[in-house]
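> Have a look at this one.
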Amino acid sequence: MKRAYTGADIFDGSTLSSDSALLLDGGVYRGVVPRRDIPSDYAVETLPGGTILPGFVDLQVNGGGGVLFNEDPSVAGLHAIAQAHATTGTRALLPTLITDTPARTQAAVDAVAAAIERKVAGIIGIHLEGPHLSLAKKGAHDPALIRPMTDADEAFLHDAARRLPNIMLTVAPENVTNAQITRLSRAGIIISLGHTDCSMADAQAAFRAGARCVTHLFNAMRQLGSREPGLVGAALDTGDVHAGLIADDIHVHRASMRAALCAKRAGGGIFLVTDAMATAGSDITEFRLNGRRVLRRNGRLTLEDGTLAGADLTFPRALDVLINIVGCEKEVAFSMATRGPACVLTNPGAVGRFTLDHGAQAIHLDDDLRYVGGL
């Protein structure tokens with residue numbers, strides 16, 4: 001059925017429009033037009049304000065719906081995770097495996113390949129966060145499982161790249177070589193630096209080798225210093241490098257977010273991630289990661305020693321923080337949840353933006369940025 005949705009602002013992935021209509025033909029995007037130009041054969045549906053935009057794209061999702069990917073690397077587990085995030089507006093995601101054993105990593109890749117083959121909605125690849133990280137910046141990752149990348153690891157990743165449309169790999173320069181980064185990036189793998197104590201010079205060398213992203217900027221990395229800028233400084237100073245951000249006002253101070261957004265106005269941008277765990281879309285108060293308890297308290301997820309372990313965050317909440325606390329313009333914030341992360345993907349397809357004659361996967365947020373539903 002042909003429908004014209006109006007009454008809300010419309011963000012198409014690049015531009016925020018008012019007094020316009022989104023044209024959908026059976027869910028297929030046919031354009032955005034001024035309200036006065038709605039074709040006569042479209043049924044008009046007037047929404048009560050808010051914003052229409054493409055479904056969110058999340059490149060760091062550890063779990064949801066009570067399921068942690070590390071604990072249940074299966075098609076059923078992936079379906080539960082994707083369903084949980086769909087209820088808050090996410091339409092494309094990379095299920096993320098935190099540092100684990102080779103056997104569990106293989107199971108995770110196999111599960112994602114099977115989920116994509118079975119067309120599980122929302123699953124577009126995988127994010128392997130580790131195990132080739134720095135012990136000095138391990139965060140909640142199990143130190144017993146962190147290790148250098150071997151030839152066998154690299155061969156496994158090349159095979160995975162042939163099977164999956166998108167692979168993001170978080171590594172630390174301490175445990176991978178620049179030659180490995182070059183070969184893996186040439187295979188289409190998105191190399192992201194994170195959980196590292198590397199210097200700015202080491203980060204820049206990894207960027208030249210092919211790394212083009214930074215995992216959860218500011219967290220689990222050397223901070224910006226006056227004489228040693230570290231990975232934070234390298235990310236902000238390198239124009240074509242993208243960086244994920246956990247915008248919950250817990251992982252990163254609002255002033256730090258504000259400064260980072262000012263520094264990254266050109267070239268590679270900052271995009272939002274939830275870093276969500278099993279708690280997303282669930283009322284559970286704790287779960288286990290590599291045998292350790294993770295507690296949900298007052299909007300935080302921590303190990304028993306207080307170490308942050310992922311985030312209790314949704315994209316609508318992140319947008320609220322960016323717009324109403326950080327002071328980010330709506331158009332910029334919406335892009336950080338849609339087109340921004342899609343631009344990082346090797347094979348983005350039509351996610352993160354409205355593409356003519358493709359399925360829109362449009363969502364509606366109300367005036368308070370709460371998720372209302374899909375269109």
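Each chain in the structure tokens gets a letter, A, B, ..., in the order shown, and its residues are numbered from 1; ligands are numbered from 1 in order too.
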From a DSSP pass on the backbone, collect the residues of region 189-299 of chain A flagged as strand (DSSP E) and hand them back as a PyMOL selection string.
chain A and resi 190-193+213-214+242-245+270-272+286-289+292-297
> Counting only C-alpha atoms, which residues in region 213-294 of chain A sit no more than 9 Å from region 183-199 of chain A? For each one, give the nearest pair of atoms and the distance in Å, sorted by chain then residue number, as CSV.

```
residue,atom,partner,partner_atom,distance
A:Cys213,CA,A:Ser192,CA,4.3
A:Val214,CA,A:Leu193,CA,4.7
A:Thr215,CA,A:Gly194,CA,5.0
A:His216,CA,A:Gly194,CA,7.3
A:Leu217,CA,A:Gly194,CA,8.0
A:Asn219,CA,A:His195,CA,7.7
A:Ala220,CA,A:His195,CA,4.7
A:Met221,CA,A:Thr196,CA,4.9
A:Arg222,CA,A:Asp197,CA,5.0
A:Gln223,CA,A:Asp197,CA,8.7
A:Glu228,CA,A:Ser199,CA,6.9
A:Pro229,CA,A:Ser199,CA,7.2
A:Gly230,CA,A:Ser199,CA,4.4
A:Leu231,CA,A:Ser199,CA,6.3
A:Ala234,CA,A:Ser199,CA,8.5
A:His242,CA,A:Ser192,CA,8.8
A:Ala243,CA,A:Ser192,CA,8.5
```
> So that I can see what lies close to Pro348 (chain A), please list as a PyMOL selection string the residues with an atom at most 9 Å from it, counting only C-alpha atoms and leaving out residues fewer than 4 positions away in the same chain.
chain A and resi 124+165-166+342-344+352
> Can I get the selected residues back with N, CA, C and O atoms, as a PDB file, in the first residue's frame?

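Written file, out.pdb:
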```
ATOM      1  N   ILE A 124      24.094  -8.422  10.464  1.00  0.00           N
ATOM      2  CA  ILE A 124      24.801  -8.050   9.232  1.00  0.00           C
ATOM      3  C   ILE A 124      26.294  -8.378   9.280  1.00  0.00           C
ATOM      4  O   ILE A 124      27.040  -7.994   8.376  1.00  0.00           O
ATOM      5  N   PRO A 165      29.720 -10.777   5.414  1.00  0.00           N
ATOM      6  CA  PRO A 165      29.785  -9.494   4.703  1.00  0.00           C
ATOM      7  C   PRO A 165      30.519  -8.409   5.460  1.00  0.00           C
ATOM      8  O   PRO A 165      31.102  -7.503   4.845  1.00  0.00           O
ATOM      9  N   ASN A 166      30.492  -8.470   6.800  1.00  0.00           N
ATOM     10  CA  ASN A 166      31.131  -7.433   7.610  1.00  0.00           C
ATOM     11  C   ASN A 166      31.786  -8.064   8.836  1.00  0.00           C
ATOM     12  O   ASN A 166      31.118  -8.794   9.586  1.00  0.00           O
ATOM     13  N   ALA A 342      27.050   3.178   9.504  1.00  0.00           N
ATOM     14  CA  ALA A 342      26.938   2.464   8.224  1.00  0.00           C
ATOM     15  C   ALA A 342      28.135   2.744   7.328  1.00  0.00           C
ATOM     16  O   ALA A 342      28.578   1.867   6.586  1.00  0.00           O
ATOM     17  N   CYS A 343      28.667   3.962   7.408  1.00  0.00           N
ATOM     18  CA  CYS A 343      29.826   4.329   6.580  1.00  0.00           C
ATOM     19  C   CYS A 343      31.076   3.529   6.929  1.00  0.00           C
ATOM     20  O   CYS A 343      32.007   3.428   6.126  1.00  0.00           O
ATOM     21  N   VAL A 344      31.118   2.968   8.124  1.00  0.00           N
ATOM     22  CA  VAL A 344      32.280   2.191   8.553  1.00  0.00           C
ATOM     23  C   VAL A 344      32.256   0.781   7.966  1.00  0.00           C
ATOM     24  O   VAL A 344      33.302   0.157   7.777  1.00  0.00           O
ATOM     25  N   GLY A 352      21.098   2.411   7.411  1.00  0.00           N
ATOM     26  CA  GLY A 352      21.548   3.702   7.914  1.00  0.00           C
ATOM     27  C   GLY A 352      21.111   4.907   7.104  1.00  0.00           C
ATOM     28  O   GLY A 352      21.426   6.043   7.470  1.00  0.00           O
TER      29      GLY A 352
END
```
> Just the residues within 6 Å of region 305-315 of chain A, please, counting only C-alpha atoms, with nothing from its chain fewer than 6 positions along; format it as a PyMOL selection string.
chain A and resi 140+274-276+299
> For Ser14 (chain A), which residue out of A:Leu319, A:Leu375, A:Ala333, A:Leu369 is the nearest one, using only C-alpha atoms?
A:Ala333
> Given only C-alpha atoms as the basis, pick out the residue of A:Leu53, A:Ser282, A:Met1, A:Asp249 nearest to Leu22 (chain A).
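Result for the nearest residue to Leu22 (chain A): A:Leu53.
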> CA of Cys328 (chain A) and CA of Leu272 (chain A) are how many Å apart?
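Between CA of Cys328 (chain A) and CA of Leu272 (chain A) the gap works out to 12.7 Å.
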> Show me, as a PDB file with C-alpha atoms, in the first residue's frame, the residues that have an atom within 9 Å of Gln83 (chain A) when counting only C-alpha atoms, minus same-chain residues fewer than 3 positions from it.

```
ATOM      1  CA  GLY A  64      20.237  -8.421  24.641  1.00  0.00           C
ATOM      2  CA  GLY A  65      16.970 -10.008  25.692  1.00  0.00           C
ATOM      3  CA  LEU A  78      21.329 -14.062  17.838  1.00  0.00           C
ATOM      4  CA  HIS A  79      17.616 -13.917  17.066  1.00  0.00           C
ATOM      5  CA  ALA A  80      16.859 -13.059  20.700  1.00  0.00           C
ATOM      6  CA  ALA A  86      14.643  -3.997  17.435  1.00  0.00           C
ATOM      7  CA  THR A  87      12.291  -2.894  20.223  1.00  0.00           C
ATOM      8  CA  ALA A 121      16.564  -9.712  10.751  1.00  0.00           C
ATOM      9  CA  GLY A 122      19.232  -7.246  11.815  1.00  0.00           C
ATOM     10  CA  GLY A 281      15.488  -5.319  26.470  1.00  0.00           C
TER      11      GLY A 281
END
```
> If you measure from CA of Arg339 (chain A) to CA of Thr355 (chain A), what distance in Å do you get, rounded to one decimal?
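Separating CA of Arg339 (chain A) from CA of Thr355 (chain A) is a distance of 11.4 Å.
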